[in-house]
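File shown here: target.cif, holding mmCIF, C-alpha atoms.
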data_start
#
loop_
_atom_site.group_PDB
_atom_site.id
_atom_site.type_symbol
_atom_site.label_atom_id
_atom_site.label_comp_id
_atom_site.auth_asym_id
_atom_site.auth_seq_id
_atom_site.Cartn_x
_atom_site.Cartn_y
_atom_site.Cartn_z
ATOM 1 C CA MET B 1 16.650 -20.620 17.716
ATOM 2 C CA SER B 2 18.407 -18.967 14.776
ATOM 3 C CA GLU B 3 19.644 -15.415 14.942
ATOM 4 C CA ALA B 4 17.633 -12.729 13.210
ATOM 5 C CA LYS B 5 19.005 -11.693 9.841
ATOM 6 C CA GLU B 6 20.683 -8.313 9.734
ATOM 7 C CA TRP B 7 19.060 -6.195 7.036
ATOM 8 C CA SER B 8 20.732 -3.325 5.250
ATOM 9 C CA GLU B 9 18.760 -0.162 4.592
ATOM 10 C CA ALA B 10 18.965 -0.979 0.865
ATOM 11 C CA GLU B 11 17.474 -4.464 1.423
ATOM 12 C CA ILE B 12 14.601 -3.014 3.445
ATOM 13 C CA GLU B 13 13.934 -0.423 0.729
ATOM 14 C CA GLU B 14 13.991 -3.201 -1.885
ATOM 15 C CA ILE B 15 11.371 -5.190 0.041
ATOM 16 C CA LYS B 16 9.233 -2.061 0.473
ATOM 17 C CA GLU B 17 9.404 -1.564 -3.314
ATOM 18 C CA GLU B 18 8.358 -5.197 -3.786
ATOM 19 C CA ILE B 19 5.404 -4.611 -1.442
ATOM 20 C CA LEU B 20 4.450 -1.459 -3.348
ATOM 21 C CA THR B 21 4.594 -3.363 -6.643
ATOM 22 C CA ALA B 22 2.360 -6.086 -5.167
ATOM 23 C CA LEU B 23 -0.114 -3.412 -4.035
ATOM 24 C CA GLU B 24 -0.450 -2.276 -7.665
ATOM 25 C CA THR B 25 -2.481 -5.468 -8.173
ATOM 26 C CA VAL B 26 -5.141 -4.236 -5.710
ATOM 27 C CA ILE B 27 -7.796 -2.565 -7.828
ATOM 28 C CA ASP B 28 -10.415 -0.171 -6.470
ATOM 29 C CA PRO B 29 -13.593 -1.878 -7.726
ATOM 30 C CA GLU B 30 -15.482 1.392 -8.144
ATOM 31 C CA LEU B 31 -12.799 3.215 -10.138
ATOM 32 C CA GLY B 32 -10.995 0.305 -11.824
ATOM 33 C CA ILE B 33 -7.569 1.746 -10.951
ATOM 34 C CA ASP B 34 -5.050 0.269 -8.536
ATOM 35 C CA ILE B 35 -4.691 1.767 -5.062
ATOM 36 C CA VAL B 36 -1.059 2.824 -5.666
ATOM 37 C CA ASN B 37 -1.835 4.906 -8.755
ATOM 38 C CA LEU B 38 -4.885 6.336 -6.997
ATOM 39 C CA GLY B 39 -2.496 7.668 -4.350
ATOM 40 C CA LEU B 40 -4.197 5.799 -1.510
ATOM 41 C CA ILE B 41 -0.966 4.291 -0.127
ATOM 42 C CA TYR B 42 0.690 6.810 2.178
ATOM 43 C CA GLU B 43 3.431 4.737 3.788
ATOM 44 C CA ILE B 44 4.858 1.233 4.030
ATOM 45 C CA ASP B 45 6.788 0.238 7.145
ATOM 46 C CA PHE B 46 8.708 -3.032 7.108
ATOM 47 C CA ASN B 47 10.942 -4.323 9.870
ATOM 48 C CA PRO B 48 13.468 -7.205 9.815
ATOM 49 C CA GLU B 49 11.054 -9.494 11.701
ATOM 50 C CA GLY B 50 8.717 -9.313 8.698
ATOM 51 C CA ASN B 51 6.112 -7.111 10.360
ATOM 52 C CA THR B 52 4.632 -4.776 7.786
ATOM 53 C CA VAL B 53 2.332 -1.822 8.270
ATOM 54 C CA VAL B 54 0.572 -0.333 5.252
ATOM 55 C CA LYS B 55 -0.799 3.134 5.947
ATOM 56 C CA MET B 56 -3.484 4.028 3.480
ATOM 57 C CA THR B 57 -6.483 6.243 3.046
ATOM 58 C CA LEU B 58 -9.693 5.980 1.073
ATOM 59 C CA THR B 59 -11.177 8.401 -1.430
ATOM 60 C CA THR B 60 -13.980 9.199 1.027
ATOM 61 C CA MET B 61 -14.445 8.608 4.746
ATOM 62 C CA GLY B 62 -17.626 6.592 4.295
ATOM 63 C CA CYS B 63 -16.131 4.398 1.568
ATOM 64 C CA PRO B 64 -17.666 0.920 1.899
ATOM 65 C CA LEU B 65 -14.607 -0.739 0.343
ATOM 66 C CA ALA B 66 -12.270 -0.611 3.347
ATOM 67 C CA ASP B 67 -12.734 -4.291 4.264
ATOM 68 C CA ILE B 68 -12.504 -5.484 0.657
ATOM 69 C CA LEU B 69 -9.323 -3.489 -0.014
ATOM 70 C CA THR B 70 -7.769 -4.624 3.274
ATOM 71 C CA GLU B 71 -8.395 -8.263 2.361
ATOM 72 C CA GLN B 72 -6.955 -7.719 -1.125
ATOM 73 C CA ILE B 73 -3.853 -6.072 0.383
ATOM 74 C CA HIS B 74 -3.289 -9.140 2.575
ATOM 75 C CA GLN B 75 -3.637 -11.399 -0.478
ATOM 76 C CA ALA B 76 -1.349 -9.214 -2.614
ATOM 77 C CA VAL B 77 1.598 -9.354 -0.203
ATOM 78 C CA ALA B 78 1.093 -12.987 0.849
ATOM 79 C CA ASP B 79 3.560 -14.201 -1.795
ATOM 80 C CA ILE B 80 6.413 -12.005 -0.538
ATOM 81 C CA PRO B 81 8.427 -14.403 1.655
ATOM 82 C CA GLU B 82 9.951 -11.672 3.841
ATOM 83 C CA VAL B 83 6.501 -10.399 4.873
ATOM 84 C CA LYS B 84 5.287 -12.406 7.881
ATOM 85 C CA ASN B 85 2.543 -10.163 9.252
ATOM 86 C CA VAL B 86 0.575 -7.311 7.667
ATOM 87 C CA GLU B 87 -1.409 -4.609 9.389
ATOM 88 C CA VAL B 88 -3.425 -2.142 7.310
ATOM 89 C CA LYS B 89 -3.951 1.189 9.048
ATOM 90 C CA LEU B 90 -6.491 3.602 7.661
ATOM 91 C CA VAL B 91 -5.436 7.217 8.028
ATOM 92 C CA TRP B 92 -7.401 10.322 7.167
ATOM 93 C CA TYR B 93 -4.652 12.909 7.318
ATOM 94 C CA PRO B 94 -3.601 14.305 5.032
ATOM 95 C CA ALA B 95 -6.961 14.055 3.327
ATOM 96 C CA TRP B 96 -6.913 12.368 -0.067
ATOM 97 C CA THR B 97 -7.375 14.555 -3.126
ATOM 98 C CA THR B 98 -7.073 13.862 -6.842
ATOM 99 C CA ASP B 99 -3.648 15.566 -6.649
ATOM 100 C CA LYS B 100 -2.343 12.351 -5.044
ATOM 101 C CA MET B 101 -3.237 10.327 -8.143
ATOM 102 C CA SER B 102 -0.558 9.382 -10.651
ATOM 103 C CA ARG B 103 -0.626 10.864 -14.133
ATOM 104 C CA TYR B 104 -1.744 7.431 -15.385
ATOM 105 C CA ALA B 105 -4.755 7.365 -13.034
ATOM 106 C CA ARG B 106 -5.792 10.923 -13.911
ATOM 107 C CA ILE B 107 -5.641 10.157 -17.647
ATOM 108 C CA ALA B 108 -7.536 6.850 -17.191
ATOM 109 C CA LEU B 109 -10.294 8.638 -15.267
ATOM 110 C CA GLY B 110 -10.333 11.714 -17.523
ATOM 111 C CA ILE B 111 -9.180 14.104 -14.772
ATOM 112 C CA ARG B 112 -6.906 17.000 -15.709
#
Write the structure described by the file as structure tokens, please.
Amino acid sequence: MSEAKEWSEAEIEEIKEEILTALETVIDPELGIDIVNLGLIYEIDFNPEGNTVVKMTLTTMGCPLADILTEQIHQAVADIPEVKNVEVKLVWYPAWTTDKMSRYARIALGIR
């Protein structure tokens, strides 16, 4: 059995950035904006074993898109070789507001 690779903090941050970039391809079907610019991604945890946890929220608690978005997240990060396992955790605190949206998303949706 080979030894686990030692990862620097910079390498881990680089992979987390790569994951975040991949998540920009996951589009909320109702709003037509990606989940990163909508501010739905709260945290990405990645460890050297390749286990990744994506903490995200939804625009509303009863949002019917949770399963669809979770599946799309799995597909989006599947091409990142360092990611071996992905867990999507839905969190409700802090509650999502339009303040979490990027400037791009607010302009695209006509929100000031």
* Find the residues around Met101 of chain B up to 9 Å (all atoms listed in the file counted), leave out those fewer than 5 positions away in its own chain, and share them as number ranges by chain. => B: 36-40, 106
* List the residues matched by the PyMOL selection byres ((chain B and resi 72) around 12) in the displayed structure as a PyMOL selection string, ordered by chain and then by residue number. => chain B and resi 22-29+34-35+65-71+73-78+86+88
* Polymer residues at most 12 Å from Asn47 of chain B, only C-alpha atoms, same-chain spacing of 2 or more positions, as an MDAnalysis selection string -> chainID B and resid 4:9 11:13 15:16 44:45 49:53 82:86
* Asked: So how many Å separate atom CA of Ile33 of chain B and atom CA of Ile107 of chain B, to one decimal?
  -> 10.9 Å
* To do: Provide the atom CA of Glu14 of chain B to atom CA of Lys55 of chain B distance in Å, to one decimal place.
  => 17.9 Å
Please return the centre and edge lengths, in Å to one decimal, of a box with edges along x, y and z that contains all listed atoms of segment 33-38 of chain B, widened by 4 Å on every side, as lines of an AutoDock Vina configuration file.
center_x = -4.3
center_y = 3.3
center_z = -8.0
size_x = 14.5
size_y = 14.1
size_z = 13.9
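Coordinates place atom CA of Thr21 of chain B at a distance of 23.7 Å from atom CA of Thr60 of chain B.
Shortest atom-to-atom contact with Leu90 of chain B among B:Ile19, B:Thr59, B:Tyr104, B:Arg112: B:Thr59, counting all atoms listed in the file.
Distance check against Ala105 of chain B using all atoms listed in the file: of B:Cys63, B:Ala10, B:Leu31, B:Ile41, the minimum falls on B:Leu31.
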* Asked: So what does the PyMOL selection byres ((chain B and resi 95) around 10) actually pick up in this one, as number ranges by chain?
  -> B: 40, 57-61, 91-94, 96-97, 100
* **Which residue of B:Pro48, B:Gly62, B:Thr98, B:Glu17 approaches Gly110 of chain B most closely, using all atoms listed in the file** => B:Thr98
